[in-house]
Amino acid sequence: MAKYRLVLLRHGEGAWTKENRFCSWVDQKLSSDGIKEAQNCGKHLKALGFEFDLVFTSVLSRSIQTAWLILEEMGQEWVPIQSSWRLNERHYGALIGLNRAEMALNHGEEQVKIWRRSYDVTPPPISESHPYYEEIYNDRRYKCSDVSQDNLPKAESLKDVLDRLLPYWNEKIVPELKSGKMILISAHGNSSRALLKHVEGCELLCNPARVGPDSTVLKASPMRTSSMLPSPLVCPYFLNLMRICTLWALTSFWVIKKLSKLPSKKWKIKGK
């Protein structure tokens with residue numbers, strides 16, 4: 001049975017993370033802590049002997065910068081990188097730029113939770129009067145996308161993220177995996193959650209549990225066999241670089257066993 005090798009990670013901390021604001025499609029670079037997180041991740045992956053053949057990122061700087069820093073630490077700067085808006089963070093519409101705590105006070109914690117963590121509920125769409133509308137929709141990077149700017153989303157649910165991500169996954173990433181390449185995807189929290197939900201067939205990924213000190217492990221369903229990507233996928237784990245470099249471990253393949261060599265005080269690894 002063929003084995004497919006994929007490492008999926010979330011970008012390092014951005015400036016708006018500390019401010020607890022919805023960043024979404026606003027282009028933010030990594031904070032000083034985010035840079036260190038990406039560099040540390042690269043060191044860990046190098047120590048574990050990973051050799052990537054191809055990297056995929058979104059078109060947002062924090063995703064690309066994270067990939068650059070990781071490859072630099074690994075001495076693999078030459079590895080090709082392909083970027084697509086389809087790997088972008090979820091579009092939070094009118095919520096972009098707002099502080100989450102203030103949103104909870106104005107709309108209630110339950111409503112904010114629904115907007116953030118539900119699967120098919122879309123927040124209010126962004127309007128042309130929004131302070132970040134022009135910055136997003138006049139950005140040159142979207143003139144190079146595979147859809148017209150008029151057809152770019154104005155707000156998304158997690159389901160919408162998966163719907164716009166899947167064509168890219170099936171047409172661009174899956175063929176590279178099937179050819180035997182080891183793939184690194186440097187993406188975002190919600191685009192990673194959507195992709196993992198598809199690959200693992202795991203409903204709980206709509207509200208994933210962080211794996212780390214004093215935390216519980218996400219309970220995933222058995223690896224799903226797909227006509228687009230047969231089981232098993234060798235490296236289906238998610239490195240979350242936000243704040244601290246923690247791990248969301250979904251299976252017990254050899255990669256998880258290798259990761260168990262990392263310092264136990266900083267990492268908590270569980271598998272079947």
# chains A, B, ... in the order shown; residues from 1 in each chain; ligands from 1

$ closest_atom_pairs --of "region 23-93 of chain A" --to "region 154-160 of chain A" --cutoff "8 Å" --atoms "only C-alpha atoms" --output "tab-separated table"
residue	atom	partner	partner_atom	distance
A:Arg90	CA	A:Glu156	CA	6.1
A:His91	CA	A:Ala155	CA	4.9
A:Tyr92	CA	A:Ala155	CA	5.3
A:Gly93	CA	A:Ala155	CA	4.1

$ residues_around --residues "Leu177 (chain A)" --least-positions-apart "2" --cutoff "9 Å" --atoms "only C-alpha atoms" --output "PyMOL selection string"
chain A and resi 3-6+173-175+179-183+229

$ closest_residue --among "A:Leu196, A:Ala94, A:His188, A:Ser84" --to "Glu13 (chain A)" --atoms "only C-alpha atoms"
A:His188

$ residues_around --residues "region 16-24 of chain A" --least-positions-apart "4" --cutoff "8 Å" --atoms "only C-alpha atoms" --output "list in words"
Gln28, Glu89, Arg90, His91, Tyr92, Leu95, Ile96, Gly97, Leu98, Asn99, Arg100 and Ala101 of chain A

$ residues_around --residues "region 47-55 of chain A" --least-positions-apart "6" --cutoff "7 Å" --atoms "only C-alpha atoms" --output "short mmCIF file (atom, residue, chain, number, x, y, z; two decimals) with C-alpha atoms, in the first residue's frame"
data_model
loop_
_atom_site.label_atom_id
_atom_site.label_comp_id
_atom_site.auth_asym_id
_atom_site.auth_seq_id
_atom_site.Cartn_x
_atom_site.Cartn_y
_atom_site.Cartn_z
CA VAL A 79 12.74 23.78 -2.15
CA PRO A 80 10.04 25.17 -4.53
CA ILE A 81 7.13 27.08 -2.99
CA GLN A 82 3.68 27.46 -4.55
CA LYS A 181 6.90 13.85 -2.76
CA MET A 182 7.10 14.94 0.87
CA ILE A 183 4.90 18.02 1.12
CA LEU A 184 4.90 20.89 3.60
CA ILE A 185 1.79 23.08 3.83
CA LYS A 258 9.72 10.17 15.79
#
